[in-house]
$ cat entry25.csv   # CSV, C-alpha atoms
chain,number,residue,atom,x,y,z
C,1,VAL,CA,13.4,6.6,9.3
C,2,TRP,CA,11.2,3.7,10.3
C,3,THR,CA,12.5,0.5,11.7
C,4,TYR,CA,10.8,-2.8,11.1
C,5,GLN,CA,9.6,-2.8,14.7
C,6,SER,CA,7.9,0.6,14.5
C,7,LEU,CA,6.4,-0.2,11.1
C,8,ASN,CA,5.1,-3.6,12.3
C,9,ALA,CA,3.5,-2.0,15.4
C,10,ALA,CA,1.8,0.7,13.3
C,11,ALA,CA,0.5,-1.9,10.8
C,12,ASN,CA,-0.7,-4.1,13.7
C,13,ARG,CA,-2.7,-1.2,15.2
C,14,LEU,CA,-4.4,-0.7,11.8
C,15,ALA,CA,-5.0,-4.4,11.3
C,16,ASN,CA,-6.6,-4.8,14.7
C,17,ALA,CA,-8.8,-1.7,14.1
C,18,LEU,CA,-9.9,-3.2,10.8
C,19,LEU,CA,-10.7,-6.6,12.4
C,20,ALA,CA,-12.8,-4.8,15.0
C,21,ARG,CA,-14.9,-3.4,12.2
C,22,PRO,CA,-14.3,-5.6,9.1
C,23,PRO,CA,-16.1,-5.2,5.8
C,24,SER,CA,-18.7,-7.7,4.9
C,25,GLU,CA,-17.9,-10.8,2.7
C,26,GLY,CA,-17.1,-9.8,-0.9
C,27,ALA,CA,-16.5,-6.1,0.0
C,28,THR,CA,-13.1,-4.4,0.0
C,29,VAL,CA,-11.1,-1.6,1.7
C,30,VAL,CA,-9.8,1.2,-0.5
C,31,ILE,CA,-6.6,3.0,0.4
C,32,VAL,CA,-6.4,6.6,-0.9
C,33,ALA,CA,-3.4,8.5,0.5
C,34,GLU,CA,-0.2,10.0,-0.6
C,35,PRO,CA,2.4,7.3,-1.5
C,36,GLU,CA,4.3,7.8,1.7
C,37,ILE,CA,4.6,5.9,5.0
C,38,ASN,CA,0.8,5.9,5.7
C,39,THR,CA,0.2,4.0,2.4
C,40,MET,CA,2.8,1.4,3.4
C,41,ILE,CA,1.3,1.0,6.8
C,42,ALA,CA,-2.2,0.7,5.3
C,43,VAL,CA,-1.1,-2.0,2.8
C,44,LEU,CA,0.7,-4.0,5.4
C,45,GLY,CA,-2.2,-3.6,7.9
C,46,CYS,CA,-4.8,-4.9,5.4
C,47,PHE,CA,-2.6,-7.8,4.5
C,48,LYS,CA,-2.1,-8.7,8.1
C,49,ALA,CA,-5.8,-8.6,8.7
C,50,GLN,CA,-6.5,-10.6,5.5
C,51,ILE,CA,-8.8,-7.9,4.3
C,52,VAL,CA,-9.0,-7.4,0.5
C,53,PHE,CA,-7.8,-3.9,-0.5
C,54,ALA,CA,-7.2,-1.7,-3.4
C,55,VAL,CA,-4.8,1.3,-3.5
C,56,LEU,CA,-6.0,4.3,-5.6
C,57,ASP,CA,-4.1,7.4,-6.7
C,58,VAL,CA,-5.1,10.6,-5.0
C,59,SER,CA,-4.6,12.5,-8.3
C,60,HIS,CA,-7.8,10.9,-9.7
C,61,SER,CA,-10.7,13.2,-10.1
C,62,ASP,CA,-13.6,12.9,-7.6
C,63,SER,CA,-15.8,11.2,-10.3
C,64,GLY,CA,-12.9,8.9,-11.2
C,65,LEU,CA,-12.3,7.9,-7.6
C,66,LYS,CA,-16.0,7.3,-7.0
C,67,ALA,CA,-16.3,5.1,-10.0
C,68,LEU,CA,-13.3,2.9,-8.9
C,69,ILE,CA,-14.5,2.7,-5.4
C,70,GLU,CA,-17.9,1.5,-6.6
C,71,ASN,CA,-16.2,-1.0,-8.9
C,72,ALA,CA,-14.1,-2.3,-6.0
C,73,ARG,CA,-17.3,-2.7,-3.9
C,74,ALA,CA,-15.6,-0.8,-1.1
C,75,GLU,CA,-17.2,-0.4,2.3
C,76,LEU,CA,-14.4,1.4,4.0
C,77,ILE,CA,-11.8,4.0,2.9
C,78,ILE,CA,-8.5,4.4,4.6
C,79,THR,CA,-7.0,7.9,4.1
C,80,ASP,CA,-4.8,10.5,5.8
C,81,HIS,CA,-5.9,13.7,7.4
C,82,SER,CA,-4.9,15.9,4.4
C,83,HIS,CA,-7.5,14.1,2.2
C,84,ARG,CA,-10.2,13.4,4.9
C,85,CYS,CA,-12.5,16.3,4.0
C,86,ARG,CA,-12.6,15.2,0.4
C,87,TRP,CA,-14.7,12.1,1.2
C,88,ASP,CA,-17.4,14.2,2.9
C,89,ARG,CA,-18.5,15.5,-0.5
C,90,ILE,CA,-18.2,12.4,-2.6
C,91,TRP,CA,-18.9,9.4,-0.4
C,92,ASP,CA,-21.2,8.6,2.5
C,93,GLY,CA,-19.6,5.4,3.8
C,94,TYR,CA,-17.2,4.8,6.6
C,95,VAL,CA,-13.8,6.6,6.4
C,96,MET,CA,-10.8,5.7,8.6
C,97,ASP,CA,-8.4,8.6,9.1
C,98,MET,CA,-5.0,7.1,9.8
C,99,ASP,CA,-3.8,10.4,11.5
C,100,ALA,CA,-6.7,10.3,14.0
C,101,PRO,CA,-6.0,9.2,17.6
C,102,ASP,CA,-8.6,6.4,17.4
C,103,ALA,CA,-7.3,4.9,14.2
C,104,GLY,CA,-6.1,1.8,16.3
C,105,ALA,CA,-4.4,1.1,19.6
C,106,VAL,CA,-3.6,-2.6,19.9
C,107,SER,CA,-0.1,-3.1,18.5
C,108,THR,CA,0.2,-6.9,18.9
C,109,ASN,CA,0.2,-9.2,15.9
C,110,PRO,CA,-3.3,-10.3,14.7
C,111,THR,CA,-3.8,-14.0,15.3
C,112,ILE,CA,-4.7,-14.9,11.6
C,113,ARG,CA,-2.9,-17.4,9.5
C,114,PRO,CA,-2.5,-16.6,5.7
C,115,ALA,CA,-4.7,-18.5,3.3
C,116,ALA,CA,-2.7,-18.9,0.1
C,117,GLN,CA,-5.5,-18.8,-2.4
C,118,GLN,CA,-7.5,-16.0,-0.7
C,119,LEU,CA,-7.8,-12.8,-2.7
C,120,ALA,CA,-5.4,-10.2,-1.2
C,121,TYR,CA,-5.9,-7.1,-3.3
C,122,LEU,CA,-7.2,-5.5,-6.5
C,123,ARG,CA,-4.6,-3.8,-8.8
C,124,TYR,CA,-6.2,-1.4,-11.2
C,125,THR,CA,-4.6,-1.0,-14.7
C,126,SER,CA,-3.7,2.5,-16.0
C,127,GLY,CA,-6.9,2.6,-18.1
C,128,SER,CA,-5.0,3.3,-21.4
C,129,THR,CA,-7.4,1.1,-23.3
C,130,GLY,CA,-10.5,2.9,-21.9
C,131,SER,CA,-11.4,2.6,-18.3
C,132,PRO,CA,-9.1,1.0,-15.6
C,133,LYS,CA,-9.6,-2.7,-15.0
C,134,GLY,CA,-9.2,-4.5,-11.7
C,135,VAL,CA,-6.7,-7.4,-11.6
C,136,MET,CA,-7.1,-9.8,-8.7
C,137,GLU,CA,-4.0,-10.9,-6.8
C,138,THR,CA,-4.0,-13.7,-4.2
C,139,GLU,CA,-2.0,-13.9,-1.0
C,140,ALA,CA,0.1,-16.7,-2.6
C,141,ASN,CA,1.1,-14.3,-5.4
C,142,ILE,CA,2.5,-11.8,-2.8
C,143,ILE,CA,4.2,-14.4,-0.7
C,144,ASN,CA,5.8,-16.0,-3.8
C,145,ALA,CA,7.0,-12.6,-5.0
C,146,ALA,CA,8.6,-12.0,-1.6
C,147,ILE,CA,10.4,-15.3,-1.8
C,148,GLU,CA,11.7,-14.6,-5.3
C,149,THR,CA,12.8,-11.1,-4.2
C,150,LEU,CA,14.6,-12.6,-1.2
C,151,THR,CA,16.3,-15.2,-3.4
C,152,TRP,CA,17.5,-12.5,-5.8
C,153,TRP,CA,19.3,-10.5,-3.0
C,154,GLU,CA,20.2,-13.3,-0.6
C,155,GLY,CA,23.9,-13.2,0.3
C,156,LEU,CA,24.4,-9.6,-0.9
C,157,PRO,CA,25.6,-7.3,1.9
C,158,ASP,CA,23.5,-4.4,3.0
C,159,VAL,CA,21.0,-4.2,0.2
C,160,ARG,CA,19.5,-0.7,0.1
C,161,LEU,CA,16.6,-0.9,-2.3
C,162,GLY,CA,15.5,2.3,-4.0
C,163,THR,CA,12.1,2.5,-5.7
C,164,LEU,CA,9.9,5.1,-7.3
C,165,ALA,CA,7.1,5.7,-4.8
C,166,GLN,CA,4.0,4.2,-6.4
C,167,PHE,CA,0.7,2.9,-5.3
C,168,TRP,CA,0.8,-0.9,-5.6
C,169,PRO,CA,2.2,-3.6,-3.3
C,170,THR,CA,5.1,-4.7,-5.4
C,171,THR,CA,6.9,-1.5,-4.5
C,172,THR,CA,6.1,-1.7,-0.7
C,173,LEU,CA,4.8,-4.9,0.7
C,174,VAL,CA,6.9,-7.4,-1.2
C,175,PRO,CA,10.4,-5.8,-0.5
C,176,LEU,CA,9.4,-5.4,3.2
C,177,MET,CA,8.3,-9.0,3.4
C,178,ALA,CA,11.7,-10.0,2.0
C,179,GLY,CA,13.5,-8.0,4.7
C,180,LEU,CA,15.1,-5.4,2.6
C,181,SER,CA,15.9,-1.8,3.5
C,182,VAL,CA,13.4,0.1,1.3
C,183,HIS,CA,13.9,3.7,0.3
C,184,PRO,CA,11.0,5.2,-1.8
C,185,TYR,CA,11.7,8.2,-3.9
C,186,TRP,CA,8.8,10.7,-4.0
C,187,VAL,CA,9.0,11.6,-7.7
C,188,ARG,CA,5.8,13.7,-7.6
C,189,GLU,CA,7.4,16.1,-5.1
C,190,ARG,CA,11.0,16.0,-6.2
C,191,GLY,CA,10.8,15.4,-10.0
C,192,PHE,CA,12.9,13.0,-12.0
C,193,ALA,CA,15.9,15.4,-12.1
C,194,GLY,CA,16.6,14.7,-8.5
C,195,VAL,CA,16.9,10.9,-8.8
C,196,GLY,CA,20.6,10.8,-9.4
C,197,PRO,CA,21.7,13.0,-6.4
C,198,TRP,CA,19.2,11.1,-4.2
C,199,LEU,CA,20.7,7.7,-5.1
C,200,ASP,CA,24.1,9.0,-4.1
C,201,ALA,CA,22.9,10.7,-0.9
C,202,GLN,CA,21.0,7.6,0.3
C,203,GLY,CA,23.7,5.1,-0.6
C,204,ILE,CA,21.3,3.1,-2.8
C,205,THR,CA,22.8,-0.2,-4.0
C,206,VAL,CA,19.8,-1.4,-6.1
C,207,PHE,CA,17.3,0.8,-7.9
C,208,ALA,CA,14.1,-1.1,-9.0
C,209,LEU,CA,11.6,0.3,-11.4
C,210,TYR,CA,8.1,-1.1,-11.4
C,211,THR,CA,6.1,0.1,-14.3
C,212,ALA,CA,2.7,-1.7,-14.1
C,213,GLY,CA,-0.3,-0.7,-12.1
C,214,LEU,CA,-1.5,2.6,-10.6

$ encode --input "entry25.csv" --output "structure tokens"
Amino acid sequence: VWTYQSLNAAANRLANALLARPPSEGATVVIVAEPEINTMIAVLGCFKAQIVFAVLDVSHSDSGLKALIENARAELIITDHSHRCRWDRIWDGYVMDMDAPDAGAVSTNPTIRPAAQQLAYLRYTSGSTGSPKGVMETEANIINAAIETLTWWEGLPDVRLGTLAQFWPTTTLVPLMAGLSVHPYWVRERGFAGVGPWLDAQGITVFALYTAGL
């Protein structure tokens, strides 16, 4: 269980580490980790640092990941310890291991103000029509989505939002910005058959399915 305070502190540590070594103008940060708490922290940390990011699925082949990383013009990869060694054989750029002790130490909020029309992240399509295509999303898009989400649930008592754990900000960043209690279900590990019992066990009041993006 993560509180907003602990999540914010972890995201701040990552954001400040990124600001100490930011990518050059026009480049991005790519997040490649399991869709668990590290991915949530990485997404929130990049948003706080106003660094353009893309989240990629670890299930891609090495060649598929390399192609997407090149398409995104990535200069830095954020990953977790379980996937760190993978990058030694397919990429020679800078890799930040979120599980390493030096991944970031300063937990104060970065002193950066949001810029509404600034690009926030790249969302890659599933590639069903050929190869995945990057869709650009601005900070204004994320903020407006959070306001809409907050408006939907405003006044409802104790909203416990359940989602399928996925790899794009609609399932993580937007609900968190709206102040909801977010409960991702790790379908890859547990399978769809476990969704019903999990909903009951967690006391989920709203279950949201997001079907677009990777």

$ closest_residue --input "entry25.csv" --among "C:Gln202, C:Asn38, C:Thr163, C:Ser61" --to "C:Met98" --atoms "only C-alpha atoms"
C:Asn38

$ closest_residue --input "entry25.csv" --among "C:Tyr124, C:Tyr4, C:Phe47, C:Trp91" --to "C:Leu173" --atoms "all atoms listed in the file"
C:Phe47

$ atom_distance --input "entry25.csv" --atom1 "atom CA of C:Ile142" --atom2 "atom CA of C:Met177"
8.9 Å

$ atom_distance --input "entry25.csv" --atom1 "atom CA of C:Phe207" --atom2 "atom CA of C:Met40"
18.4 Å

$ closest_atom_pairs --input "entry25.csv" --of "stretch 44-131 of chain C" --to "stretch 10-17 of chain C" --cutoff "9 Å" --atoms "only C-alpha atoms" --output "JSON lines"
{"residue": "C:Leu44", "atom": "CA", "partner": "C:Ala11", "partner_atom": "CA", "distance": 5.8}
{"residue": "C:Gly45", "atom": "CA", "partner": "C:Ala11", "partner_atom": "CA", "distance": 4.3}
{"residue": "C:Cys46", "atom": "CA", "partner": "C:Ala15", "partner_atom": "CA", "distance": 5.9}
{"residue": "C:Phe47", "atom": "CA", "partner": "C:Ala15", "partner_atom": "CA", "distance": 8.0}
{"residue": "C:Lys48", "atom": "CA", "partner": "C:Ala15", "partner_atom": "CA", "distance": 6.1}
{"residue": "C:Ala49", "atom": "CA", "partner": "C:Ala15", "partner_atom": "CA", "distance": 5.0}
{"residue": "C:Gln50", "atom": "CA", "partner": "C:Ala15", "partner_atom": "CA", "distance": 8.6}
{"residue": "C:Ile51", "atom": "CA", "partner": "C:Ala15", "partner_atom": "CA", "distance": 8.7}
{"residue": "C:Met98", "atom": "CA", "partner": "C:Leu14", "partner_atom": "CA", "distance": 8.1}
{"residue": "C:Asp102", "atom": "CA", "partner": "C:Ala17", "partner_atom": "CA", "distance": 8.7}
{"residue": "C:Ala103", "atom": "CA", "partner": "C:Leu14", "partner_atom": "CA", "distance": 6.7}
{"residue": "C:Gly104", "atom": "CA", "partner": "C:Arg13", "partner_atom": "CA", "distance": 4.7}
{"residue": "C:Ala105", "atom": "CA", "partner": "C:Arg13", "partner_atom": "CA", "distance": 5.2}
{"residue": "C:Val106", "atom": "CA", "partner": "C:Arg13", "partner_atom": "CA", "distance": 5.0}
{"residue": "C:Ser107", "atom": "CA", "partner": "C:Arg13", "partner_atom": "CA", "distance": 4.6}
{"residue": "C:Thr108", "atom": "CA", "partner": "C:Asn12", "partner_atom": "CA", "distance": 6.0}
{"residue": "C:Asn109", "atom": "CA", "partner": "C:Asn12", "partner_atom": "CA", "distance": 5.6}
{"residue": "C:Pro110", "atom": "CA", "partner": "C:Asn16", "partner_atom": "CA", "distance": 6.4}

$ residues_near_point --input "entry25.csv" --point "(-13.9, 2.6, -7.2)" --cutoff "12 Å" --atoms "only C-alpha atoms" --output "VMD selection string"
chain C and resid 27 to 32 53 to 57 60 to 77 90 to 91 122 to 124 131 to 134

$ atom_distance --input "entry25.csv" --atom1 "atom CA of C:Gly191" --atom2 "atom CA of C:Thr39"
19.9 Å

$ residues_around --input "entry25.csv" --residues "C:Gly203" --least-positions-apart "4" --cutoff "9 Å" --atoms "only C-alpha atoms" --output "list in words"
Arg160, Trp198 and Leu199 of chain C
